[in-house]
file run_6.cif (mmCIF, C-alpha atoms and all ligand atoms)
data_start
loop_
_atom_site.group_PDB
_atom_site.id
_atom_site.type_symbol
_atom_site.label_atom_id
_atom_site.label_comp_id
_atom_site.auth_asym_id
_atom_site.auth_seq_id
_atom_site.Cartn_x
_atom_site.Cartn_y
_atom_site.Cartn_z
ATOM 1 C CA MET A 1037 178.389 -170.729 -95.184
ATOM 2 C CA GLY A 1038 177.204 -174.020 -96.619
ATOM 3 C CA LYS A 1039 179.769 -174.806 -99.319
ATOM 4 C CA GLN A 1040 177.875 -177.691 -100.872
ATOM 5 C CA ALA A 1041 174.583 -175.854 -100.357
ATOM 6 C CA ARG A 1042 175.902 -172.969 -102.466
ATOM 7 C CA GLU A 1043 177.548 -175.189 -105.062
ATOM 8 C CA VAL A 1044 174.365 -177.058 -105.944
ATOM 9 C CA VAL A 1045 172.604 -173.755 -106.511
ATOM 10 C CA GLU A 1046 175.425 -172.526 -108.762
ATOM 11 C CA GLN A 1047 175.437 -175.801 -110.659
ATOM 12 C CA ALA A 1048 171.701 -175.452 -111.238
ATOM 13 C CA GLY A 1049 172.511 -172.281 -113.198
ATOM 14 C CA ILE A 1050 171.781 -169.539 -110.685
ATOM 15 C CA ASN A 1051 174.057 -166.517 -110.367
ATOM 16 C CA VAL A 1052 174.412 -166.702 -106.583
ATOM 17 C CA GLU A 1053 175.829 -163.183 -106.215
ATOM 18 C CA GLU A 1054 172.807 -161.769 -108.039
ATOM 19 C CA LEU A 1055 170.483 -163.897 -105.913
ATOM 20 C CA LEU A 1056 172.215 -162.728 -102.726
ATOM 21 C CA GLU A 1057 171.841 -159.108 -103.769
ATOM 22 C CA LYS A 1058 168.107 -159.631 -104.252
ATOM 23 C CA LEU A 1059 167.773 -161.444 -100.927
ATOM 24 C CA VAL A 1060 169.606 -158.684 -99.027
ATOM 25 C CA ARG A 1061 167.466 -156.017 -100.711
ATOM 26 C CA ALA A 1062 164.336 -158.014 -99.801
ATOM 27 C CA ALA A 1063 165.553 -158.306 -96.187
ATOM 28 C CA ALA A 1064 166.124 -154.527 -96.136
ATOM 29 C CA ALA A 1065 162.560 -153.960 -97.341
ATOM 30 C CA GLU A 1066 161.236 -156.155 -94.501
ATOM 31 C CA PHE A 1067 163.358 -154.416 -91.900
ATOM 32 C CA THR A 1068 162.452 -150.891 -92.998
ATOM 33 C CA THR A 1069 158.792 -151.811 -93.443
ATOM 34 C CA TYR A 1070 158.731 -153.166 -89.894
ATOM 35 C CA TYR A 1071 160.003 -149.746 -88.778
ATOM 36 C CA TYR A 1072 157.589 -147.691 -90.883
ATOM 37 C CA TYR A 1073 154.605 -149.897 -90.018
ATOM 38 C CA THR A 1074 155.318 -149.160 -86.369
ATOM 39 C CA ILE A 1075 154.690 -145.472 -87.102
ATOM 40 C CA LEU A 1076 151.631 -146.267 -89.229
ATOM 41 C CA ARG A 1077 150.129 -148.492 -86.519
ATOM 42 C CA VAL A 1078 150.717 -145.894 -83.817
ATOM 43 C CA ASN A 1079 148.832 -143.345 -85.936
ATOM 44 C CA SER A 1080 145.879 -145.622 -86.703
ATOM 45 C CA ILE A 1081 143.489 -144.121 -84.189
ATOM 46 C CA GLY A 1082 139.926 -142.865 -84.027
ATOM 47 C CA PHE A 1083 136.800 -144.410 -85.565
ATOM 48 C CA GLU A 1084 138.511 -145.391 -88.795
ATOM 49 C CA GLY A 1085 142.016 -146.021 -87.511
ATOM 50 C CA GLU A 1086 141.206 -148.453 -84.713
ATOM 51 C CA GLY A 1087 139.617 -150.838 -87.205
ATOM 52 C CA ILE A 1088 142.856 -151.306 -89.150
ATOM 53 C CA LYS A 1089 145.255 -151.200 -86.208
ATOM 54 C CA GLU A 1090 145.218 -154.957 -85.650
ATOM 55 C CA ILE A 1091 145.986 -155.957 -89.225
ATOM 56 C CA ILE A 1092 148.769 -153.379 -89.413
ATOM 57 C CA GLU A 1093 150.224 -155.058 -86.340
ATOM 58 C CA ASP A 1094 149.890 -158.506 -87.948
ATOM 59 C CA ALA A 1095 151.612 -157.305 -91.113
ATOM 60 C CA ARG A 1096 154.268 -155.478 -89.082
ATOM 61 C CA LEU A 1097 155.188 -158.519 -86.993
ATOM 62 C CA GLU A 1098 155.077 -160.829 -89.994
ATOM 63 C CA ASP A 1099 157.455 -158.538 -91.877
ATOM 64 C CA ARG A 1100 159.849 -158.814 -88.965
ATOM 65 C CA ASN A 1101 159.467 -162.595 -89.248
ATOM 66 C CA HIS A 1102 160.252 -162.363 -92.957
ATOM 67 C CA PHE A 1103 163.468 -160.526 -92.132
ATOM 68 C CA GLU A 1104 164.377 -163.166 -89.541
ATOM 69 C CA ALA A 1105 163.644 -166.010 -91.936
ATOM 70 C CA LEU A 1106 165.735 -164.548 -94.779
ATOM 71 C CA ILE A 1107 168.916 -163.936 -92.776
ATOM 72 C CA PRO A 1108 170.074 -167.555 -92.279
ATOM 73 C CA ARG A 1109 169.653 -168.294 -95.990
ATOM 74 C CA ILE A 1110 171.716 -165.212 -96.922
ATOM 75 C CA TYR A 1111 174.637 -166.328 -94.757
ATOM 76 C CA GLU A 1112 174.248 -169.968 -95.765
ATOM 77 C CA LEU A 1113 174.781 -168.977 -99.393
ATOM 78 C CA GLY A 1114 177.905 -166.982 -98.478
ATOM 79 C CA GLY A 1115 176.289 -163.552 -98.290
ATOM 80 C CA GLU A 1116 176.130 -161.041 -95.469
ATOM 81 C CA LEU A 1117 174.296 -157.964 -94.238
ATOM 82 C CA PRO A 1118 175.965 -154.598 -94.973
ATOM 83 C CA ARG A 1119 178.097 -153.332 -92.086
ATOM 84 C CA ASP A 1120 176.286 -149.978 -92.107
ATOM 85 C CA ILE A 1121 172.515 -149.930 -91.557
ATOM 86 C CA ARG A 1122 172.264 -146.737 -93.661
ATOM 87 C CA LYS A 1123 173.504 -148.585 -96.721
ATOM 88 C CA PHE A 1124 171.161 -151.452 -95.888
ATOM 89 C CA ALA A 1125 168.144 -149.127 -95.754
ATOM 90 C CA GLU A 1126 169.188 -147.304 -98.928
ATOM 91 C CA ASP A 1127 169.339 -150.585 -100.858
ATOM 92 C CA SER A 1128 165.829 -151.648 -99.854
ATOM 93 C CA ALA A 1129 163.866 -153.401 -102.603
ATOM 94 C CA CYS A 1130 160.790 -151.273 -101.823
ATOM 95 C CA PRO A 1131 160.200 -147.530 -101.249
ATOM 96 C CA ASP A 1132 159.888 -146.107 -97.737
ATOM 97 C CA ALA A 1133 156.361 -146.529 -96.345
ATOM 98 C CA TYR A 1134 156.150 -142.989 -94.982
ATOM 99 C CA LEU A 1135 153.342 -141.723 -92.800
ATOM 100 C CA PRO A 1136 151.092 -139.605 -95.099
ATOM 101 C CA ASP A 1137 151.154 -135.803 -94.820
ATOM 102 C CA ASP A 1138 147.763 -135.986 -93.148
ATOM 103 C CA PRO A 1139 148.067 -138.863 -90.665
ATOM 104 C CA ARG A 1140 144.313 -138.703 -89.926
ATOM 105 C CA ASP A 1141 143.450 -139.550 -93.530
ATOM 106 C CA MET A 1142 143.018 -143.319 -93.263
ATOM 107 C CA LYS A 1143 142.535 -143.734 -96.999
ATOM 108 C CA GLN A 1144 145.969 -142.244 -97.617
ATOM 109 C CA LEU A 1145 147.425 -144.395 -94.873
ATOM 110 C CA LEU A 1146 145.841 -147.534 -96.346
ATOM 111 C CA THR A 1147 147.210 -146.642 -99.771
ATOM 112 C CA VAL A 1148 150.736 -146.543 -98.315
ATOM 113 C CA LEU A 1149 150.125 -149.964 -96.758
ATOM 114 C CA VAL A 1150 148.663 -151.624 -99.832
ATOM 115 C CA GLU A 1151 151.417 -150.258 -102.089
ATOM 116 C CA ALA A 1152 154.085 -151.614 -99.723
ATOM 117 C CA GLU A 1153 152.491 -155.056 -99.918
ATOM 118 C CA ARG A 1154 152.233 -154.865 -103.695
ATOM 119 C CA CYS A 1155 155.938 -154.097 -103.917
ATOM 120 C CA ALA A 1156 156.685 -157.081 -101.668
ATOM 121 C CA ILE A 1157 154.543 -159.359 -103.861
ATOM 122 C CA ARG A 1158 156.589 -158.315 -106.897
ATOM 123 C CA VAL A 1159 159.879 -158.863 -105.034
ATOM 124 C CA TYR A 1160 159.030 -162.416 -103.897
ATOM 125 C CA SER A 1161 157.393 -163.389 -107.176
ATOM 126 C CA GLU A 1162 160.645 -162.442 -108.889
ATOM 127 C CA LEU A 1163 162.672 -164.442 -106.347
ATOM 128 C CA CYS A 1164 160.380 -167.460 -106.815
ATOM 129 C CA ASN A 1165 160.665 -167.215 -110.597
ATOM 130 C CA MET A 1166 164.441 -167.046 -110.326
ATOM 131 C CA THR A 1167 164.826 -170.009 -107.964
ATOM 132 C CA THR A 1168 162.046 -172.397 -108.966
ATOM 133 C CA GLY A 1169 163.367 -175.867 -109.797
ATOM 134 C CA LYS A 1170 166.927 -174.685 -109.073
ATOM 135 C CA ASP A 1171 167.337 -173.517 -105.494
ATOM 136 C CA HIS A 1172 164.711 -175.470 -103.599
ATOM 137 C CA ARG A 1173 165.409 -174.011 -100.168
ATOM 138 C CA THR A 1174 165.340 -170.350 -101.221
ATOM 139 C CA TYR A 1175 162.284 -171.066 -103.366
ATOM 140 C CA ALA A 1176 160.361 -172.652 -100.480
ATOM 141 C CA LEU A 1177 161.262 -169.761 -98.201
ATOM 142 C CA CYS A 1178 160.336 -167.062 -100.722
ATOM 143 C CA LEU A 1179 157.091 -168.846 -101.576
ATOM 144 C CA ALA A 1180 156.156 -168.922 -97.881
ATOM 145 C CA VAL A 1181 156.826 -165.189 -97.622
ATOM 146 C CA LEU A 1182 154.881 -164.567 -100.829
ATOM 147 C CA HIS A 1183 151.813 -166.330 -99.367
ATOM 148 C CA GLU A 1184 151.839 -163.918 -96.440
ATOM 149 C CA GLU A 1185 152.455 -160.813 -98.571
ATOM 150 C CA VAL A 1186 149.480 -161.729 -100.759
ATOM 151 C CA GLU A 1187 147.317 -162.009 -97.644
ATOM 152 C CA HIS A 1188 148.551 -158.648 -96.366
ATOM 153 C CA GLU A 1189 147.662 -156.982 -99.645
ATOM 154 C CA ALA A 1190 144.191 -158.520 -99.490
ATOM 155 C CA TRP A 1191 143.542 -157.213 -95.969
ATOM 156 C CA PHE A 1192 144.389 -153.622 -96.888
ATOM 157 C CA SER A 1193 142.719 -153.859 -100.270
ATOM 158 C CA GLU A 1194 139.471 -154.936 -98.582
ATOM 159 C CA PHE A 1195 139.571 -151.845 -96.385
ATOM 160 C CA LEU A 1196 139.901 -149.751 -99.535
ATOM 161 C CA GLU A 1197 136.730 -151.534 -100.722
ATOM 162 C CA GLU A 1198 138.402 -153.069 -103.730
ATOM 163 C CA GLY A 1199 136.476 -156.311 -103.141
ATOM 164 C CA PRO A 1200 136.438 -159.279 -100.761
ATOM 165 C CA SER A 1201 139.390 -161.658 -100.436
ATOM 166 C CA GLY A 1202 137.816 -164.474 -98.434
ATOM 167 C CA HIS A 1203 140.521 -164.229 -95.783
ATOM 168 C CA PHE A 1204 139.930 -164.048 -92.066
ATOM 169 C CA ARG A 1205 142.009 -162.885 -89.149
ATOM 170 C CA ARG A 1206 145.126 -164.389 -87.571
ATOM 171 C CA ARG A 1207 144.773 -166.346 -84.333
ATOM 172 C CA THR A 1208 147.563 -164.410 -82.670
ATOM 173 C CA PRO A 1209 149.257 -161.175 -83.798
ATOM 174 C CA GLY A 1210 152.012 -161.859 -86.318
ATOM 175 C CA GLN A 1211 151.261 -165.587 -86.438
ATOM 176 C CA SER A 1212 153.012 -166.123 -89.805
ATOM 177 C CA PRO A 1213 151.187 -169.335 -90.771
ATOM 178 C CA TYR A 1214 153.514 -169.955 -93.729
ATOM 179 C CA VAL A 1215 156.847 -168.534 -92.593
ATOM 180 C CA SER A 1216 156.813 -169.814 -89.002
ATOM 181 C CA GLY A 1217 158.274 -173.146 -90.156
ATOM 182 C CA PHE A 1218 161.399 -171.262 -91.242
ATOM 183 C CA LEU A 1219 161.833 -169.509 -87.905
ATOM 184 C CA THR A 1220 163.738 -172.408 -86.403
ATOM 185 C CA ALA A 1221 165.315 -170.330 -83.638
ATOM 186 C CA ARG A 1222 161.941 -169.103 -82.397
ATOM 187 C CA PHE A 1223 160.074 -172.353 -81.768
HETATM 188 FE FE FE B 1301 157.064 -158.984 -95.638
#
call {"tool": "encode", "arguments": {"input": "run_6.cif", "output": "structure tokens", "more": "lines below"}}
Ligand SMILES: [Fe+2]
result
Amino acid sequence: MGKQAREVVEQAGINVEELLEKLVRAAAAEFTTYYYYTILRVNSIGFEGEGIKEIIEDARLEDRNHFEALIPRIYELGGELPRDIRKFAEDSACPDAYLPDDPRDMKQLLTVLVEAERCAIRVYSELCNMTTGKDHRTYALCLAVLHEEVEHEAWFSEFLEEGPSGHFRRRTPGQSPYVSGFLTARF
């Protein structure tokens, strides 16, 4: 862990144990969402499904990136991942993004997707509010993730015809335009 890195955050008035708990729960939500989005993407077929397959893949890969980007900060601050993946999944900050009872109902499937993104937006907004002006590194990371979660929500929301977002597609699947700078081991 980074001793001084943790100390400055504590001195700024942040309860680091509470912050670590939130970061681990956020990482669990990314990890489980990556898993569930795999199932949702696989089931996005037919006239309606094929149209959303690509953005599900973008969101899926970017959630995996979010997980990857959070891990170093957790350990840097003296935290760790639970030894047992079952406990990790149980502690997720967001509900399981289960495949709907009728997998051919794309509206139901999109609702699962948009609700998962809305949960993520709440999680990272809370983390940003907690760290702003106090823990600059965690704040910058969580803000980068938040940018991508907001875009994900907009993509799915547009498919539900809730109105245009002004966003366009990624250049490559799972590009992570905001979080890629934090994936130092990847580039
Ligand atoms: Fe995410």
call {"tool": "residues_near_ligand", "arguments": {"input": "run_6.cif", "ligand": "ligand FE 1301 (chain B)", "cutoff": "10 Å", "atoms": "only C-alpha atoms and all ligand atoms", "output": "ChimeraX atom specification"}}
result
/A:1062-1063,1065-1067,1069-1070,1095-1103,1152-1153,1155-1157,1159-1160,1181-1186,1188
call {"tool": "resolve_selection", "arguments": {"input": "run_6.cif", "expression": "the PyMOL selection byres (((chain A and resi 1171) around 12) and not hetatm)", "output": "PyMOL selection string"}}
result
chain A and resi 1041-1052+1055+1109+1113+1163-1170+1172-1179
call {"tool": "resolve_selection", "arguments": {"input": "run_6.cif", "expression": "the PyMOL selection byres (((chain A and resi 1090) around 10) and not hetatm)", "output": "PyMOL selection string"}}
result
chain A and resi 1077+1080+1085-1089+1091-1096+1205-1206+1209-1210
call {"tool": "residues_around", "arguments": {"input": "run_6.cif", "residues": "Pro1139 in chain A", "least_positions_apart": "4", "cutoff": "9 Å", "atoms": "only C-alpha atoms", "output": "list in words"}}
result
Leu1076, Asn1079, Ser1080, Leu1135, Gln1144 and Leu1145 of chain A
call {"tool": "atom_distance", "arguments": {"input": "run_6.cif", "atom1": "CA of Ala1064 in chain A", "atom2": "CA of Asp1120 in chain A"}}
result
11.8 Å
call {"tool": "residues_around", "arguments": {"input": "run_6.cif", "residues": "Thr1068 in chain A", "least_positions_apart": "6", "cutoff": "12 Å", "atoms": "all atoms listed in the file", "output": "NGL selection string"}}
result
:A and (1061-1062 or 1074-1075 or 1096 or 1099-1100 or 1102-1103 or 1121-1134 or 1152)
call {"tool": "closest_residue", "arguments": {"input": "run_6.cif", "among": "A:Leu1149, A:Leu1056, A:Asp1141, A:Ile1110", "to": "Tyr1073 in chain A", "atoms": "all atoms listed in the file"}}
result
A:Leu1149
call {"tool": "axis_aligned_box", "arguments": {"input": "run_6.cif", "around": "range 1142-1160 of chain A", "padding_each_side": "3 Å", "output": "lines of an AutoDock Vina configuration file"}}
result
center_x = 151.2
center_y = -152.3
center_z = -100.1
size_x = 23.3
size_y = 26.2
size_z = 19.6
call {"tool": "atom_distance", "arguments": {"input": "run_6.cif", "atom1": "CA of Phe1204 in chain A", "atom2": "CA of Glu1104 in chain A"}}
result
24.6 Å
call {"tool": "closest_residue", "arguments": {"input": "run_6.cif", "among": "A:Glu1194, A:Phe1083, A:Ala1180, A:Glu1189", "to": "Tyr1214 in chain A", "atoms": "only C-alpha atoms"}}
result
A:Ala1180
call {"tool": "residues_around", "arguments": {"input": "run_6.cif", "residues": "Glu1112 in chain A", "least_positions_apart": "4", "cutoff": "7 Å", "atoms": "all atoms listed in the file", "output": "PDB file with C-alpha atoms, keeping the file's coordinate frame"}}
result
ATOM      1  CA  MET A1037     178.389-170.729 -95.184  1.00  0.00           C
ATOM      2  CA  GLY A1038     177.204-174.020 -96.619  1.00  0.00           C
ATOM      3  CA  PRO A1108     170.074-167.555 -92.279  1.00  0.00           C
TER       4      PRO A1108
END
call {"tool": "atom_distance", "arguments": {"input": "run_6.cif", "atom1": "CA of Thr1208 in chain A", "atom2": "CA of Glu1187 in chain A"}}
result
15.2 Å
